[in-house]
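**Q** This is my_file.cif (mmCIF, C-alpha atoms and all ligand atoms).
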```cif
data_start
#
loop_
_atom_site.label_atom_id
_atom_site.label_comp_id
_atom_site.auth_asym_id
_atom_site.auth_seq_id
_atom_site.Cartn_x
_atom_site.Cartn_y
_atom_site.Cartn_z
CA MET A 1 0.00 0.00 0.00
CA SER A 2 1.51 3.32 -0.97
CA GLU A 3 0.73 7.04 -0.76
CA ARG A 4 -0.13 8.42 -4.15
CA SER A 5 -1.34 11.42 -6.01
CA CYS A 6 -2.71 10.84 -9.50
CA GLU A 7 -3.61 13.67 -11.87
CA PRO A 8 -5.30 11.91 -14.77
CA LYS A 9 -5.89 13.92 -17.92
CA ARG A 10 -7.50 11.18 -20.02
CA ILE A 11 -9.89 8.81 -18.26
CA ILE A 12 -12.09 5.96 -19.44
CA VAL A 13 -15.47 5.77 -17.72
CA THR A 14 -17.17 2.42 -18.25
CA GLY A 15 -20.94 2.45 -17.93
CA GLY A 16 -20.90 6.21 -18.42
CA ALA A 17 -24.34 6.19 -20.08
CA GLY A 18 -26.00 4.66 -17.01
CA PHE A 19 -27.33 6.39 -13.91
CA ILE A 20 -24.29 6.90 -11.67
CA GLY A 21 -21.76 6.79 -14.52
CA SER A 22 -23.47 9.61 -16.44
CA ASN A 23 -23.78 11.72 -13.30
CA PHE A 24 -20.06 11.17 -12.72
CA VAL A 25 -19.21 12.20 -16.30
CA HIS A 26 -21.24 15.41 -15.94
CA TRP A 27 -19.53 16.05 -12.59
CA VAL A 28 -16.04 15.62 -14.12
CA VAL A 29 -16.86 17.84 -17.09
CA GLU A 30 -18.16 20.56 -14.75
CA ASN A 31 -15.51 20.30 -12.01
CA GLN A 32 -12.31 19.08 -13.68
CA PRO A 33 -11.66 21.36 -16.67
CA GLY A 34 -8.46 19.70 -17.92
CA VAL A 35 -9.82 16.17 -18.07
CA HIS A 36 -11.03 14.33 -21.20
CA VAL A 37 -13.46 11.44 -20.70
CA THR A 38 -13.88 8.42 -22.97
CA VAL A 39 -17.15 6.69 -22.15
CA LEU A 40 -17.29 2.97 -22.93
CA ASP A 41 -20.87 1.73 -22.71
CA ALA A 42 -22.78 -1.15 -24.32
CA LEU A 43 -26.08 0.77 -24.10
CA THR A 44 -28.00 -2.10 -22.55
CA TYR A 45 -31.63 -1.46 -21.51
CA ALA A 46 -30.12 0.57 -18.59
CA GLY A 47 -27.84 2.77 -20.70
CA ASN A 48 -29.05 5.86 -22.53
CA ARG A 49 -26.88 7.96 -24.84
CA ALA A 50 -29.15 10.93 -24.07
CA ASN A 51 -27.83 10.88 -20.49
CA LEU A 52 -24.68 12.51 -21.90
CA ASP A 53 -26.41 15.14 -24.03
CA GLY A 54 -24.95 18.61 -23.75
CA ILE A 55 -21.34 17.50 -23.26
CA SER A 56 -19.08 18.85 -25.99
CA ALA A 57 -16.92 16.60 -28.18
CA ASP A 58 -13.70 18.20 -26.96
CA ARG A 59 -14.48 16.99 -23.41
CA MET A 60 -15.91 13.54 -24.13
CA THR A 61 -15.71 10.72 -26.67
CA PHE A 62 -18.48 8.13 -26.64
CA VAL A 63 -17.58 4.54 -27.60
CA HIS A 64 -20.45 2.12 -28.01
CA GLY A 65 -18.95 -1.20 -26.92
CA ASP A 66 -18.78 -4.03 -24.44
CA ILE A 67 -16.34 -4.24 -21.51
CA CYS A 68 -15.99 -7.97 -22.30
CA ASP A 69 -14.52 -7.10 -25.73
CA ALA A 70 -10.81 -7.57 -24.94
CA THR A 71 -9.58 -6.13 -28.26
CA LEU A 72 -11.60 -2.92 -27.89
CA VAL A 73 -10.70 -2.52 -24.22
CA ASP A 74 -7.00 -3.04 -25.00
CA GLN A 75 -7.12 -0.44 -27.77
CA LEU A 76 -8.85 2.18 -25.58
CA MET A 77 -6.46 1.58 -22.70
CA THR A 78 -3.38 2.50 -24.82
CA ASP A 79 -4.45 6.13 -24.59
CA ALA A 80 -5.75 6.47 -21.00
CA ASP A 81 -4.25 7.50 -17.66
CA ALA A 82 -7.05 5.95 -15.60
CA VAL A 83 -10.20 3.85 -15.75
CA VAL A 84 -13.24 4.42 -13.54
CA HIS A 85 -15.29 1.26 -13.82
CA PHE A 86 -19.04 1.72 -13.30
CA ALA A 87 -20.38 -0.65 -16.00
CA ALA A 88 -22.45 -3.43 -14.50
CA GLU A 89 -25.72 -5.23 -14.50
CA SER A 90 -27.09 -3.42 -11.48
CA HIS A 91 -30.62 -4.47 -10.62
CA ASN A 92 -31.12 -7.07 -7.88
CA ASP A 93 -34.56 -8.20 -9.06
CA ASN A 94 -33.24 -8.88 -12.58
CA SER A 95 -30.39 -10.93 -11.11
CA ILE A 96 -32.89 -13.19 -9.41
CA THR A 97 -34.84 -13.92 -12.60
CA ASP A 98 -31.74 -14.16 -14.88
CA PRO A 99 -28.30 -14.18 -13.23
CA ALA A 100 -26.23 -15.01 -16.36
CA PRO A 101 -25.65 -11.42 -17.61
CA PHE A 102 -24.55 -10.46 -14.08
CA VAL A 103 -21.77 -13.02 -14.06
CA ARG A 104 -20.73 -12.09 -17.59
CA THR A 105 -20.61 -8.30 -17.26
CA ASN A 106 -19.74 -7.91 -13.60
CA VAL A 107 -17.16 -10.70 -13.32
CA GLU A 108 -15.86 -11.37 -16.85
CA GLY A 109 -16.08 -7.67 -17.79
CA THR A 110 -14.06 -6.61 -14.73
CA PHE A 111 -11.51 -9.34 -15.50
CA THR A 112 -11.17 -8.05 -19.08
CA LEU A 113 -10.57 -4.48 -17.89
CA LEU A 114 -8.07 -5.58 -15.24
CA GLU A 115 -6.04 -7.53 -17.79
CA ALA A 116 -5.78 -4.45 -19.99
CA ALA A 117 -4.93 -2.22 -17.00
CA ARG A 118 -2.18 -4.69 -16.07
CA LYS A 119 -0.73 -4.65 -19.58
CA HIS A 120 -0.79 -0.86 -19.96
CA GLY A 121 -0.05 0.13 -16.33
CA THR A 122 -3.35 2.05 -16.16
CA ARG A 123 -4.67 3.36 -12.85
CA PHE A 124 -7.90 1.49 -12.05
CA HIS A 125 -10.79 2.55 -9.83
CA HIS A 126 -13.51 -0.02 -9.28
CA ILE A 127 -17.03 1.05 -8.32
CA SER A 128 -18.77 -1.38 -6.02
CA THR A 129 -21.66 -1.57 -3.60
CA ASP A 130 -22.25 -1.96 0.12
CA GLU A 131 -24.41 -4.97 -0.77
CA VAL A 132 -21.27 -7.15 -0.86
CA TYR A 133 -21.40 -7.11 2.96
CA GLY A 134 -24.85 -8.70 3.17
CA ASP A 135 -27.24 -7.07 5.60
CA LEU A 136 -27.58 -5.90 9.20
CA ALA A 137 -30.43 -6.43 11.64
CA LEU A 138 -32.80 -3.50 12.15
CA ASP A 139 -31.97 -3.34 15.87
CA ASP A 140 -28.18 -3.67 15.35
CA PRO A 141 -26.32 -0.38 15.95
CA ALA A 142 -23.41 -1.62 13.76
CA ARG A 143 -22.55 -0.15 10.36
CA PHE A 144 -20.42 -1.63 7.57
CA THR A 145 -16.72 -0.74 7.61
CA GLU A 146 -13.87 -1.72 5.28
CA GLU A 147 -13.18 -4.62 7.68
CA THR A 148 -16.69 -6.14 7.53
CA PRO A 149 -16.50 -9.68 6.05
CA TYR A 150 -18.09 -10.19 2.64
CA CYS A 151 -21.44 -11.98 2.81
CA PRO A 152 -23.43 -11.22 -0.37
CA SER A 153 -27.06 -12.38 -0.55
CA SER A 154 -28.17 -12.08 -4.19
CA PRO A 155 -26.75 -13.02 -7.60
CA TYR A 156 -26.16 -9.26 -8.13
CA SER A 157 -24.25 -8.67 -4.91
CA SER A 158 -22.28 -11.91 -5.24
CA SER A 159 -21.19 -10.94 -8.77
CA LYS A 160 -20.07 -7.53 -7.44
CA ALA A 161 -18.25 -9.24 -4.54
CA SER A 162 -16.50 -11.49 -7.08
CA SER A 163 -15.38 -8.49 -9.11
CA ASP A 164 -14.03 -6.79 -5.96
CA MET A 165 -11.98 -9.93 -5.23
CA LEU A 166 -10.50 -9.87 -8.73
CA VAL A 167 -9.45 -6.23 -8.25
CA ARG A 168 -7.80 -7.05 -4.92
CA ALA A 169 -5.94 -10.02 -6.44
CA TRP A 170 -4.79 -8.06 -9.52
CA HIS A 171 -3.38 -5.40 -7.21
CA ARG A 172 -1.60 -7.85 -4.95
CA THR A 173 -0.38 -10.34 -7.54
CA TYR A 174 0.33 -8.11 -10.53
CA GLY A 175 0.74 -4.73 -8.84
CA VAL A 176 -2.16 -3.10 -10.70
CA ASP A 177 -2.60 0.42 -9.30
CA ALA A 178 -6.15 -0.13 -8.11
CA THR A 179 -8.64 1.16 -5.56
CA ILE A 180 -12.19 0.06 -4.74
CA SER A 181 -15.13 2.03 -3.39
CA ASN A 182 -18.27 0.44 -1.95
CA CYS A 183 -21.10 2.93 -1.90
CA SER A 184 -24.58 2.90 -0.42
CA ASN A 185 -27.84 3.45 -2.37
CA ASN A 186 -27.71 6.41 -4.75
CA TYR A 187 -30.55 8.65 -5.78
CA GLY A 188 -30.83 11.60 -8.16
CA PRO A 189 -31.67 12.34 -11.81
CA ARG A 190 -31.41 9.78 -14.67
CA GLN A 191 -31.87 6.65 -12.53
CA HIS A 192 -33.65 3.83 -14.37
CA ILE A 193 -37.33 3.61 -13.40
CA GLU A 194 -37.00 -0.03 -12.32
CA LYS A 195 -35.23 1.28 -9.18
CA PHE A 196 -37.15 2.07 -5.98
CA ILE A 197 -37.32 5.89 -5.88
CA PRO A 198 -37.91 6.57 -9.61
CA ARG A 199 -40.38 3.69 -9.81
CA GLN A 200 -42.55 5.30 -7.14
CA ILE A 201 -42.24 8.81 -8.61
CA THR A 202 -43.14 7.65 -12.13
CA ASN A 203 -46.01 5.53 -10.80
CA ILE A 204 -47.54 8.66 -9.28
CA LEU A 205 -46.84 10.67 -12.45
CA SER A 206 -48.57 7.89 -14.47
CA SER A 207 -51.56 7.76 -12.08
CA ASN A 208 -50.56 4.26 -10.87
CA ARG A 209 -50.43 3.50 -7.17
CA PRO A 210 -46.86 3.15 -5.81
CA LYS A 211 -45.83 -0.35 -4.71
CA LEU A 212 -44.08 -1.23 -1.45
CA TYR A 213 -42.24 -4.54 -0.88
CA GLY A 214 -42.78 -6.70 2.18
CA ASP A 215 -43.37 -4.78 5.41
CA GLY A 216 -41.63 -1.62 4.14
CA LEU A 217 -39.19 -1.60 7.07
CA ASN A 218 -36.05 -2.47 5.08
CA VAL A 219 -33.47 0.27 5.59
CA ARG A 220 -31.28 1.76 2.88
CA ASP A 221 -28.52 4.35 3.42
CA TRP A 222 -29.27 7.01 0.79
CA ILE A 223 -26.62 9.23 -0.81
CA HIS A 224 -27.12 11.82 -3.53
CA THR A 225 -25.28 10.77 -6.68
CA GLU A 226 -23.33 14.09 -6.76
CA ASP A 227 -21.76 13.18 -3.41
CA HIS A 228 -20.85 9.75 -4.80
CA SER A 229 -19.14 11.48 -7.77
CA SER A 230 -17.03 13.81 -5.61
CA ALA A 231 -15.98 10.89 -3.39
CA VAL A 232 -14.93 8.79 -6.39
CA TRP A 233 -12.81 11.67 -7.71
CA GLU A 234 -11.03 12.03 -4.34
CA ILE A 235 -10.29 8.30 -4.23
CA LEU A 236 -9.18 8.17 -7.88
CA THR A 237 -6.75 11.04 -7.44
CA ARG A 238 -5.63 10.73 -3.80
CA GLY A 239 -6.67 7.31 -2.49
CA ARG A 240 -3.97 4.83 -1.49
CA SER A 241 -3.32 2.10 -4.01
CA GLY A 242 -4.72 -1.29 -2.99
CA GLU A 243 -7.20 0.26 -0.55
CA THR A 244 -10.96 0.03 -0.24
CA TYR A 245 -13.02 3.07 0.79
CA LEU A 246 -16.65 2.97 1.86
CA ILE A 247 -18.78 5.87 0.61
CA GLY A 248 -21.87 6.93 2.54
CA ALA A 249 -23.60 10.09 3.73
CA ASP A 250 -25.35 8.95 6.96
CA GLY A 251 -28.67 8.71 5.12
CA GLU A 252 -30.37 5.69 6.72
CA ARG A 253 -34.11 5.57 6.01
CA ASN A 254 -36.60 2.76 5.76
CA ASN A 255 -38.53 2.21 2.54
CA ILE A 256 -41.90 3.20 3.94
CA ASP A 257 -40.53 6.55 5.15
CA VAL A 258 -38.99 7.21 1.73
CA LEU A 259 -42.24 6.33 -0.01
CA ARG A 260 -44.24 8.54 2.36
CA ALA A 261 -41.81 11.43 1.72
CA ILE A 262 -42.39 11.00 -2.04
CA LEU A 263 -46.17 10.82 -1.57
CA GLU A 264 -46.17 13.94 0.58
CA ALA A 265 -43.92 15.88 -1.81
CA MET A 266 -46.23 14.94 -4.69
CA GLY A 267 -49.42 15.96 -2.86
CA LYS A 268 -50.73 12.43 -2.16
CA SER A 269 -51.99 10.93 1.07
CA ALA A 270 -49.58 8.83 3.17
CA ASP A 271 -51.52 5.59 2.52
CA ASP A 272 -51.92 6.03 -1.23
CA PHE A 273 -49.88 2.90 -2.16
CA ASP A 274 -50.19 -0.91 -2.51
CA TRP A 275 -48.31 -3.50 -0.48
CA VAL A 276 -46.68 -6.13 -2.74
CA ARG A 277 -44.84 -9.43 -2.33
CA ASP A 278 -41.34 -9.11 -0.86
CA ARG A 279 -38.17 -9.68 -2.90
CA PRO A 280 -36.74 -13.18 -2.16
CA GLY A 281 -33.71 -12.92 0.15
CA HIS A 282 -34.39 -9.17 0.60
CA ASP A 283 -31.58 -7.60 2.63
CA ARG A 284 -32.94 -6.00 5.81
CA ARG A 285 -30.66 -3.07 6.47
CA TYR A 286 -27.57 -1.43 4.96
CA ALA A 287 -25.56 1.21 6.79
CA ILE A 288 -22.17 2.67 5.91
CA ASP A 289 -19.45 4.00 8.17
CA SER A 290 -17.43 6.27 5.84
CA ALA A 291 -14.98 7.46 8.55
CA LYS A 292 -11.91 6.22 6.64
CA LEU A 293 -12.75 8.25 3.53
CA ARG A 294 -13.49 11.36 5.59
CA ARG A 295 -10.39 10.98 7.79
CA GLU A 296 -7.84 10.10 5.07
CA LEU A 297 -9.08 12.21 2.18
CA GLY A 298 -11.08 14.91 3.95
CA TRP A 299 -14.20 14.14 1.87
CA GLN A 300 -17.55 15.43 3.09
CA PRO A 301 -20.97 14.94 1.50
CA LYS A 302 -22.67 18.21 0.54
CA ARG A 303 -26.10 17.05 -0.63
CA THR A 304 -27.35 15.73 2.72
CA ASP A 305 -30.73 17.52 2.71
CA PHE A 306 -32.79 14.49 1.64
CA ALA A 307 -36.08 16.42 1.28
CA GLN A 308 -34.39 18.92 -1.03
CA GLY A 309 -32.63 16.20 -3.10
CA LEU A 310 -35.87 14.26 -3.37
CA ALA A 311 -37.82 17.34 -4.47
CA GLU A 312 -35.24 18.00 -7.22
CA THR A 313 -35.37 14.36 -8.30
CA ILE A 314 -39.18 14.44 -8.49
CA GLN A 315 -38.91 17.64 -10.54
CA TRP A 316 -36.45 15.99 -12.93
CA TYR A 317 -38.83 13.06 -13.67
CA THR A 318 -41.73 15.51 -13.97
CA ASP A 319 -39.77 17.62 -16.48
CA ASN A 320 -38.45 14.67 -18.52
CA PRO A 321 -41.36 12.33 -19.32
CA LYS A 322 -39.85 11.45 -22.71
CA TRP A 323 -36.83 10.01 -20.93
CA TRP A 324 -38.87 7.38 -19.02
CA ARG A 325 -42.38 6.98 -20.46
CA GLY A 326 -41.38 4.52 -23.21
CA ALA A 327 -40.02 2.05 -20.64
CA LYS A 328 -42.77 2.36 -18.04
CA GLU A 329 -45.25 -0.22 -19.26
CA ALA A 330 -42.65 -2.97 -19.71
CA VAL A 331 -41.07 -2.30 -16.29
CA GLU A 332 -44.43 -2.54 -14.51
CA ALA A 333 -45.45 -5.65 -16.51
CA LYS A 334 -42.23 -7.35 -15.39
CA TYR A 335 -42.88 -6.48 -11.76
CA ALA A 336 -46.53 -7.57 -12.04
CA ALA A 337 -45.42 -10.97 -13.36
CA GLN A 338 -43.41 -11.36 -10.12
CA GLY A 339 -46.35 -10.25 -7.97
CA GLN A 340 -44.61 -6.95 -7.26
N1 LIG M 401 -27.44 2.32 -8.01
C1 LIG M 401 -26.90 2.31 -6.80
O1 LIG M 401 -27.52 2.76 -5.84
C2 LIG M 401 -25.49 1.79 -6.59
C3 LIG M 401 -24.92 1.84 -5.31
C4 LIG M 401 -23.60 1.42 -5.14
C5 LIG M 401 -22.88 0.97 -6.22
N2 LIG M 401 -23.46 0.92 -7.46
C6 LIG M 401 -22.62 0.47 -8.58
O2 LIG M 401 -22.46 1.60 -9.43
C7 LIG M 401 -22.33 1.17 -10.80
C8 LIG M 401 -23.34 1.89 -11.66
O3 LIG M 401 -24.66 1.62 -11.18
P1 LIG M 401 -25.93 2.28 -11.86
O4 LIG M 401 -27.03 2.24 -10.87
O5 LIG M 401 -25.53 3.56 -12.48
O6 LIG M 401 -26.22 1.21 -13.01
P2 LIG M 401 -27.06 1.35 -14.35
O7 LIG M 401 -27.70 0.01 -14.54
O8 LIG M 401 -27.90 2.58 -14.33
O9 LIG M 401 -25.95 1.58 -15.48
C9 LIG M 401 -25.09 0.56 -15.90
C10 LIG M 401 -24.44 1.01 -17.20
O10 LIG M 401 -23.50 -0.01 -17.60
C11 LIG M 401 -23.69 -0.28 -18.99
N3 LIG M 401 -23.30 -1.68 -19.25
C12 LIG M 401 -23.91 -2.80 -18.78
N4 LIG M 401 -23.28 -3.89 -19.25
C13 LIG M 401 -22.22 -3.44 -19.99
C14 LIG M 401 -21.18 -4.09 -20.72
N5 LIG M 401 -21.09 -5.43 -20.77
N6 LIG M 401 -20.26 -3.31 -21.34
C15 LIG M 401 -20.35 -1.95 -21.29
N7 LIG M 401 -21.32 -1.29 -20.64
C16 LIG M 401 -22.24 -2.03 -19.99
C17 LIG M 401 -25.17 -0.04 -19.24
O11 LIG M 401 -25.45 0.20 -20.62
C18 LIG M 401 -25.43 1.18 -18.36
O12 LIG M 401 -25.16 2.38 -19.07
C19 LIG M 401 -22.50 -0.35 -10.77
O13 LIG M 401 -21.22 -0.93 -10.79
C20 LIG M 401 -23.21 -0.62 -9.46
O14 LIG M 401 -22.90 -1.90 -8.97
C21 LIG M 401 -24.75 1.31 -7.66
#
```
So, in terms of structure tokens, how does the structure I just supplied come out?
Ligand SMILES: NC(=O)c1ccc[n+]([C@@H]2O[C@H](COP(=O)([O-])OP(=O)(O)OC[C@H]3O[C@@H](n4cnc5c(N)ncnc54)[C@H](O)[C@@H]3O)[C@@H](O)[C@H]2O)c1
**A**
Amino acid sequence: MSERSCEPKRIIVTGGAGFIGSNFVHWVVENQPGVHVTVLDALTYAGNRANLDGISADRMTFVHGDICDATLVDQLMTDADAVVHFAAESHNDNSITDPAPFVRTNVEGTFTLLEAARKHGTRFHHISTDEVYGDLALDDPARFTEETPYCPSSPYSSSKASSDMLVRAWHRTYGVDATISNCSNNYGPRQHIEKFIPRQITNILSSNRPKLYGDGLNVRDWIHTEDHSSAVWEILTRGRSGETYLIGADGERNNIDVLRAILEAMGKSADDFDWVRDRPGHDRRYAIDSAKLRRELGWQPKRTDFAQGLAETIQWYTDNPKWWRGAKEAVEAKYAAQGQ
């Protein structure tokens, strides 16, 4: 493990047309004037080229391609100082119905990128999730730390845990200059409407009743995606090689409280929703202790006013119906087939 300062000028962002990746690309373009971004994205159902609209060609190049394509990845890596790896299959419910793409993209894709980073000596930052740690009991005061043992519950979280292990091994065995961050649940603009918060917002905007899993008491630790972006930049440029950093903004809330906050903000009554069947193996509670990131790198979240962030997110979906309406019917039909 070594102290390091990296000032990348040309970075590859995998999955940069997805939710968190595109928010990160916008953040870099706005906050890091000297940096050029190459987005590598396969534009799966979750990727949307329009998420990068408004970014000029001198700041960003878009490459439509697959992270499992070793020839393409090798070619892109010849001209990059660093890779920030967001690309993934990211939705737990999908991983339960069809786990194969999760193993392919999340495990094989990460392997492909690591091999190219090893060959070209490229700095590698891997984006992961707090879900690799499994879950905590509702009455347990503990939070996840970098020392918490891995205990993933779903095909999604186990594929992410596997990719984290590959990154650790490629650092230790081959000396790849790599860091990992495990972040809690993100919210903000441009999140696919299959995910909890945008699903509820777009249900209300479509005059459907929102749907709540199980008993609604499952706790998630919410962070605004802009805070995730600033944390990733700090780790990419100043994090210690070989280290893992947990990213969180002390935003623990249970699902029913989040849904009621959405209902209230959108002028609905607190009981205006349907209870639906729980997700199999549904993790009870996630909570992040991000003390290491704050202590070592001085990072602080800025977007911690959840009501304000939620109001802006609701406004974004209200203002951008073209972005989500085309997918709405299919997303709800898929959930309905699962009794959700
Ligand atoms: N959403 C969250 O709350 C959260 C929290 C912590 C960590 N993460 C992690 O952050 C990353 C991004 O999550 P997200 O919610 O933005 O996901 P997303 O599903 O919105 O976006 C994923 C992107 O990856 C692209 N992609 C998928 N397979 C690909 C492939 N084989 N090659 C190239 N591109 C491919 C998709 O087209 C899409 O643009 C993931 O690694 C996820 O595990 C997400």
**Q** Find the nearest atom pair between each residue of chain A and ligand LIG 401 (chain M) for residues within 6 Å, count only C-alpha atoms and all ligand atoms, give distances in Å to one decimal, sort rows by chain and ascending number, and present the table as a Markdown table.
**A**
```
| residue | atom | partner | partner_atom | distance |
| --- | --- | --- | --- | --- |
| A:Gly15 | CA | M:LIG401 | O10 | 3.6 |
| A:Gly16 | CA | M:LIG401 | O12 | 5.8 |
| A:Ala17 | CA | M:LIG401 | O12 | 4.0 |
| A:Gly18 | CA | M:LIG401 | O12 | 3.2 |
| A:Phe19 | CA | M:LIG401 | O5 | 3.6 |
| A:Ile20 | CA | M:LIG401 | O5 | 3.7 |
| A:Gly21 | CA | M:LIG401 | O5 | 5.4 |
| A:Asp41 | CA | M:LIG401 | N7 | 3.7 |
| A:Ala42 | CA | M:LIG401 | N7 | 4.0 |
| A:Leu43 | CA | M:LIG401 | O11 | 3.6 |
| A:Thr44 | CA | M:LIG401 | O11 | 3.9 |
| A:Ala46 | CA | M:LIG401 | C18 | 4.7 |
| A:Gly47 | CA | M:LIG401 | O12 | 3.2 |
| A:Gly65 | CA | M:LIG401 | C15 | 5.8 |
| A:Asp66 | CA | M:LIG401 | N6 | 3.5 |
| A:Ile67 | CA | M:LIG401 | N6 | 4.0 |
| A:Cys68 | CA | M:LIG401 | N5 | 5.9 |
| A:Phe86 | CA | M:LIG401 | C7 | 4.2 |
| A:Ala87 | CA | M:LIG401 | O10 | 3.6 |
| A:Ala88 | CA | M:LIG401 | C12 | 4.6 |
| A:Glu89 | CA | M:LIG401 | C12 | 5.2 |
| A:Ser90 | CA | M:LIG401 | O7 | 4.6 |
| A:Thr105 | CA | M:LIG401 | N5 | 4.6 |
| A:Ile127 | CA | M:LIG401 | O13 | 5.3 |
| A:Ser128 | CA | M:LIG401 | C5 | 4.7 |
| A:Thr129 | CA | M:LIG401 | C5 | 3.8 |
| A:Cys183 | CA | M:LIG401 | C4 | 4.4 |
| A:Ser184 | CA | M:LIG401 | C3 | 5.0 |
| A:Asn185 | CA | M:LIG401 | O1 | 3.6 |
| A:Asn186 | CA | M:LIG401 | O1 | 3.8 |
| A:Gln191 | CA | M:LIG401 | O8 | 6.0 |
| A:His192 | CA | M:LIG401 | O8 | 5.9 |
```
**Q** What does the distance from CA of Arg104 (chain A) to CA of Val28 (chain A) come to in Å, to one decimal?
**A**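 Taking CA of Arg104 (chain A) and CA of Val28 (chain A), their separation equals 28.3 Å.
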**Q** Distance CA of Val37 (chain A)-CA of Gly326 (chain A), one decimal place?
**A** 28.9 Å
**Q** Any idea what the distance is between CA of Val132 (chain A) and CA of Leu113 (chain A)?
**A**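 For CA of Val132 (chain A) relative to CA of Leu113 (chain A), the distance reads 20.3 Å.
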**Q** Would you pick out the contacts of Arg284 (chain A) at 8 Å or less, using only C-alpha atoms, so that residues sharing its chain but fewer than 4 positions from it are not included, and give the list as a PyMOL selection string?
**A** chain A and resi 135-138+217-219
**Q** Would you mind telling me which residue in A:Val35, A:Ile197, A:Met77, A:Ile288 lies nearest to Asp257 (chain A) when using only C-alpha atoms?
**A**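 Ranked by minimum distance to Asp257 (chain A), first place goes to A:Ile197.
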**Q** As a PDB file with C-alpha atoms, keeping the file's coordinate frame, please: the residues near Leu212 (chain A) (cut-off 9 Å, only C-alpha atoms, same-chain neighbours under 4 positions excluded).
**A**
```
ATOM      1  CA  PHE A 196     -37.150   2.070  -5.980  1.00  0.00           C
ATOM      2  CA  GLN A 200     -42.550   5.300  -7.140  1.00  0.00           C
ATOM      3  CA  GLY A 216     -41.630  -1.620   4.140  1.00  0.00           C
ATOM      4  CA  ASN A 255     -38.530   2.210   2.540  1.00  0.00           C
ATOM      5  CA  ILE A 256     -41.900   3.200   3.940  1.00  0.00           C
ATOM      6  CA  LEU A 259     -42.240   6.330  -0.010  1.00  0.00           C
ATOM      7  CA  PHE A 273     -49.880   2.900  -2.160  1.00  0.00           C
ATOM      8  CA  ASP A 274     -50.190  -0.910  -2.510  1.00  0.00           C
ATOM      9  CA  TRP A 275     -48.310  -3.500  -0.480  1.00  0.00           C
ATOM     10  CA  VAL A 276     -46.680  -6.130  -2.740  1.00  0.00           C
ATOM     11  CA  ARG A 277     -44.840  -9.430  -2.330  1.00  0.00           C
ATOM     12  CA  ASP A 278     -41.340  -9.110  -0.860  1.00  0.00           C
ATOM     13  CA  GLN A 340     -44.610  -6.950  -7.260  1.00  0.00           C
TER      14      GLN A 340
END
```
**Q** Nearest residue to Gln338 (chain A) out of A:Tyr213, A:Tyr133, A:Tyr150, A:Phe306, using only C-alpha atoms?
**A** A:Tyr213
**Q** I'd like the contact shell of Phe102 (chain A) - 12 Å cut-off, all atoms listed in the file, skipping same-chain residues fewer than 4 positions apart - returned as a list of chain:residue names.
**A** A:Ala87, A:Ala88, A:Glu89, A:Ser90, A:His91, A:Asn92, A:Asp93, A:Asn94, A:Ser95, A:Ile96, A:Thr97, A:Asp98, A:Asn106, A:Val107, A:Glu108, A:Gly109, A:Thr110, A:Ser154, A:Pro155, A:Tyr156, A:Ser157, A:Ser158, A:Ser159, A:Lys160, A:Ala161, A:Ser162, A:Ser163
**Q** Determine, counting only C-alpha atoms, which protein, DNA and RNA residues have an atom within 12 Å of an atom of Asn208 (chain A); residues of the same chain fewer than 3 positions away are not included. Present the result as an NGL selection string.
**A** :A and (199-205 or 211 or 268 or 272-274 or 328-329 or 332)
**Q** Deliver the residues from the most recent selection as a file, using C-alpha atoms, as a PDB file, keeping the file's coordinate frame.
**A**
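What landed in result.pdb:
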```pdb
ATOM      1  CA  ARG A 199     -40.380   3.690  -9.810  1.00  0.00           C
ATOM      2  CA  GLN A 200     -42.550   5.300  -7.140  1.00  0.00           C
ATOM      3  CA  ILE A 201     -42.240   8.810  -8.610  1.00  0.00           C
ATOM      4  CA  THR A 202     -43.140   7.650 -12.130  1.00  0.00           C
ATOM      5  CA  ASN A 203     -46.010   5.530 -10.800  1.00  0.00           C
ATOM      6  CA  ILE A 204     -47.540   8.660  -9.280  1.00  0.00           C
ATOM      7  CA  LEU A 205     -46.840  10.670 -12.450  1.00  0.00           C
ATOM      8  CA  LYS A 211     -45.830  -0.350  -4.710  1.00  0.00           C
ATOM      9  CA  LYS A 268     -50.730  12.430  -2.160  1.00  0.00           C
ATOM     10  CA  ASP A 272     -51.920   6.030  -1.230  1.00  0.00           C
ATOM     11  CA  PHE A 273     -49.880   2.900  -2.160  1.00  0.00           C
ATOM     12  CA  ASP A 274     -50.190  -0.910  -2.510  1.00  0.00           C
ATOM     13  CA  LYS A 328     -42.770   2.360 -18.040  1.00  0.00           C
ATOM     14  CA  GLU A 329     -45.250  -0.220 -19.260  1.00  0.00           C
ATOM     15  CA  GLU A 332     -44.430  -2.540 -14.510  1.00  0.00           C
TER      16      GLU A 332
END
```
**Q** Write out as a compact mmCIF listing (two decimals) with C-alpha atoms, keeping the file's coordinate frame the residues lying within 12 Å of Gly175 (chain A), counting all atoms listed in the file and excluding same-chain residues fewer than 6 positions away.
**A**
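As written to disk, around_30.txt reads:
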```txt
# COMPACT_ATOMS: atom_id res chain seq x y z
CA MET A 1 0.00 0.00 0.00
CA SER A 2 1.51 3.32 -0.97
CA LEU A 114 -8.07 -5.58 -15.24
CA GLU A 115 -6.04 -7.53 -17.79
CA ALA A 117 -4.93 -2.22 -17.00
CA ARG A 118 -2.18 -4.69 -16.07
CA LYS A 119 -0.73 -4.65 -19.58
CA HIS A 120 -0.79 -0.86 -19.96
CA GLY A 121 -0.05 0.13 -16.33
CA THR A 122 -3.35 2.05 -16.16
CA ARG A 123 -4.67 3.36 -12.85
CA PHE A 124 -7.90 1.49 -12.05
CA VAL A 167 -9.45 -6.23 -8.25
CA ARG A 168 -7.80 -7.05 -4.92
CA ALA A 169 -5.94 -10.02 -6.44
CA SER A 241 -3.32 2.10 -4.01
CA GLY A 242 -4.72 -1.29 -2.99
```
